[in-house]
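One structure is given below, encoded as structure tokens.
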Amino acid sequence: MSAKIKTKRGAAKRFVKTANGFKRKQAYKRHILTKKSAKRIRQLRPMTQVAACDVPSVLRMLPNC
């Protein structure tokens with residue numbers, strides 16, 4: 001009897017599967033925002049693609065995607 005493959009729940013909350021790969025939130029927008037310019041904070045707002053070299057790692061963490 002083989003064990004079920006489990007999803008890494010932390011990764012499941014952080015990455016969203018799309019047709020072209022995975023989306024993720026950008027880093028450096030959580031704290032110490034007073035010294036960051038409004039432009040910089042605004043540019044960190046949208047989600048971005050996971051780099052191609054990191055996709056295999058994400059797929060390993062999310063086996064049921």
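Letters for chains follow the order of the structure tokens (A, B, ...), residue numbers begin at 1 for each chain, and ligand numbers begin at 1 in the order shown.
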* Write out as a PyMOL selection string each polymer residue whose atoms come within 9 Å of Cys65 (chain A), counting only C-alpha atoms; drop sequence neighbours fewer than 3 positions from it. => chain A and resi 17+59+62
What would the file look like if the residues just selected were written as a CSV table (one decimal), in the first residue's frame with C-alpha atoms?
chain,number,residue,atom,x,y,z
A,17,LYS,CA,-1.6,27.9,-11.1
A,59,LEU,CA,5.6,21.6,-8.9
A,62,LEU,CA,2.2,21.1,-5.4
* To do: Might you pull out every residue within 10 Å of Asn20 (chain A), with only C-alpha atoms counted and same-chain residues fewer than 3 positions away left off, and present them as a list in words?
  =>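 Contacts, with the query itself left out: Lys17, Lys23, Gln49 and Val50 of chain A.
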Selection from above, all heavy atoms, as a PDB file, in the first residue's frame, can you write it?
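Wrote selection_38.pdb, looks like this:
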ATOM      1  N   LYS A  17      -1.869  28.463  -9.758  1.00  0.00           N
ATOM      2  CA  LYS A  17      -1.594  27.866 -11.071  1.00  0.00           C
ATOM      3  C   LYS A  17      -2.315  28.656 -12.150  1.00  0.00           C
ATOM      4  O   LYS A  17      -3.490  28.993 -12.008  1.00  0.00           O
ATOM      5  CB  LYS A  17      -2.091  26.417 -11.064  1.00  0.00           C
ATOM      6  CG  LYS A  17      -1.859  25.671 -12.360  1.00  0.00           C
ATOM      7  CD  LYS A  17      -0.468  25.117 -12.410  1.00  0.00           C
ATOM      8  CE  LYS A  17      -0.282  24.134 -13.540  1.00  0.00           C
ATOM      9  NZ  LYS A  17       0.089  24.748 -14.792  1.00  0.00           N
ATOM     10  N   LYS A  23       1.604  32.037 -10.514  1.00  0.00           N
ATOM     11  CA  LYS A  23       1.654  33.425 -10.067  1.00  0.00           C
ATOM     12  C   LYS A  23       2.057  33.452  -8.607  1.00  0.00           C
ATOM     13  O   LYS A  23       1.759  32.521  -7.859  1.00  0.00           O
ATOM     14  CB  LYS A  23       0.287  34.105 -10.187  1.00  0.00           C
ATOM     15  CG  LYS A  23      -0.154  34.414 -11.580  1.00  0.00           C
ATOM     16  CD  LYS A  23      -1.332  35.380 -11.631  1.00  0.00           C
ATOM     17  CE  LYS A  23      -2.519  34.905 -10.839  1.00  0.00           C
ATOM     18  NZ  LYS A  23      -3.702  35.749 -11.039  1.00  0.00           N
ATOM     19  N   GLN A  49       4.990  36.378 -12.286  1.00  0.00           N
ATOM     20  CA  GLN A  49       5.218  34.973 -12.621  1.00  0.00           C
ATOM     21  C   GLN A  49       6.367  34.397 -11.803  1.00  0.00           C
ATOM     22  O   GLN A  49       7.337  35.091 -11.508  1.00  0.00           O
ATOM     23  CB  GLN A  49       5.585  34.844 -14.107  1.00  0.00           C
ATOM     24  CG  GLN A  49       4.428  35.066 -15.053  1.00  0.00           C
ATOM     25  CD  GLN A  49       3.506  33.873 -15.116  1.00  0.00           C
ATOM     26  OE1 GLN A  49       3.906  32.734 -14.913  1.00  0.00           O
ATOM     27  NE2 GLN A  49       2.247  34.132 -15.390  1.00  0.00           N
ATOM     28  N   VAL A  50       6.268  33.146 -11.460  1.00  0.00           N
ATOM     29  CA  VAL A  50       7.388  32.430 -10.850  1.00  0.00           C
ATOM     30  C   VAL A  50       8.419  32.205 -11.952  1.00  0.00           C
ATOM     31  O   VAL A  50       8.068  31.854 -13.082  1.00  0.00           O
ATOM     32  CB  VAL A  50       6.917  31.080 -10.263  1.00  0.00           C
ATOM     33  CG1 VAL A  50       8.080  30.220  -9.832  1.00  0.00           C
ATOM     34  CG2 VAL A  50       5.977  31.333  -9.100  1.00  0.00           C
TER      35      VAL A  50
END
Just want the 12 Å neighbourhood of Lys13 (chain A), counted on only C-alpha atoms, with same-chain residues fewer than 6 positions away dropped. Output as a CSV table (one decimal) with N, CA and C atoms, in the first residue's frame.
chain,number,residue,atom,x,y,z
A,7,THR,N,0.3,17.7,-0.4
A,7,THR,CA,0.6,19.1,-0.8
A,7,THR,C,1.2,19.8,0.3
A,23,LYS,N,1.6,32.0,-10.5
A,23,LYS,CA,1.7,33.4,-10.1
A,23,LYS,C,2.1,33.5,-8.6
A,24,ARG,N,2.7,34.6,-8.2
A,24,ARG,CA,3.1,34.7,-6.8
A,24,ARG,C,3.1,36.2,-6.5
A,25,LYS,N,2.9,36.5,-5.2
A,25,LYS,CA,3.0,37.9,-4.7
A,25,LYS,C,4.5,38.3,-4.7
A,58,VAL,N,8.3,24.4,-7.4
A,58,VAL,CA,6.9,24.6,-7.0
A,58,VAL,C,6.1,23.4,-7.4
A,61,MET,N,6.3,20.9,-4.7
A,61,MET,CA,5.6,21.2,-3.5
A,61,MET,C,4.1,21.0,-3.7
A,62,LEU,N,3.6,21.2,-5.0
A,62,LEU,CA,2.2,21.1,-5.4
A,62,LEU,C,2.0,20.0,-6.4
* Structure fact -> One residue among A:Ala11, A:Lys6, A:Pro46, A:Pro56 is nearest to Ala27 (chain A) when using only C-alpha atoms, and that residue is A:Pro46
* Could you state the separation of CA of Val16 (chain A) and CA of Val55 (chain A) in Å, given to one decimal place? ->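 Computing the Euclidean distance for CA of Val16 (chain A) and CA of Val55 (chain A) yields 11.8 Å.
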* Run DSSP on the backbone and grab whatever in chain A lands in helix (DSSP H, G or I); send it over as number ranges by chain. => A: 9-14, 38-43, 52-61
Those same residues, written as a PDB file, in the first residue's frame with C-alpha atoms?
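File out-v3.pdb, as written:
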ATOM      1  CA  ARG A   9       0.061  23.714   2.459  1.00  0.00           C
ATOM      2  CA  GLY A  10       2.272  26.806   2.786  1.00  0.00           C
ATOM      3  CA  ALA A  11       3.050  26.627  -0.922  1.00  0.00           C
ATOM      4  CA  ALA A  12      -0.612  26.068  -1.793  1.00  0.00           C
ATOM      5  CA  LYS A  13      -1.439  29.393  -0.115  1.00  0.00           C
ATOM      6  CA  ARG A  14       1.378  31.271  -1.876  1.00  0.00           C
ATOM      7  CA  ALA A  38       5.139  55.362  -3.018  1.00  0.00           C
ATOM      8  CA  LYS A  39       6.254  54.414  -6.526  1.00  0.00           C
ATOM      9  CA  ARG A  40       8.223  51.437  -5.216  1.00  0.00           C
ATOM     10  CA  ILE A  41       5.325  50.203  -3.073  1.00  0.00           C
ATOM     11  CA  ARG A  42       2.900  50.646  -5.985  1.00  0.00           C
ATOM     12  CA  GLN A  43       5.149  48.646  -8.316  1.00  0.00           C
ATOM     13  CA  ALA A  52      11.144  29.340 -15.044  1.00  0.00           C
ATOM     14  CA  CYS A  53      14.045  27.898 -13.039  1.00  0.00           C
ATOM     15  CA  ASP A  54      11.845  27.778  -9.893  1.00  0.00           C
ATOM     16  CA  VAL A  55       8.821  26.081 -11.491  1.00  0.00           C
ATOM     17  CA  PRO A  56      10.131  22.518 -10.879  1.00  0.00           C
ATOM     18  CA  SER A  57      10.444  23.288  -7.156  1.00  0.00           C
ATOM     19  CA  VAL A  58       6.889  24.637  -7.033  1.00  0.00           C
ATOM     20  CA  LEU A  59       5.583  21.594  -8.905  1.00  0.00           C
ATOM     21  CA  ARG A  60       7.301  19.323  -6.366  1.00  0.00           C
ATOM     22  CA  MET A  61       5.559  21.189  -3.537  1.00  0.00           C
TER      23      MET A  61
END
* Residues of chain A in strand (DSSP E) according to DSSP, as a PyMOL selection string? -> chain A and resi 15-18+21-24+48-49
* Asked: Which distance in Å separates CA of Pro63 (chain A) and CA of Phe15 (chain A), to one decimal?
  -> 12.6 Å
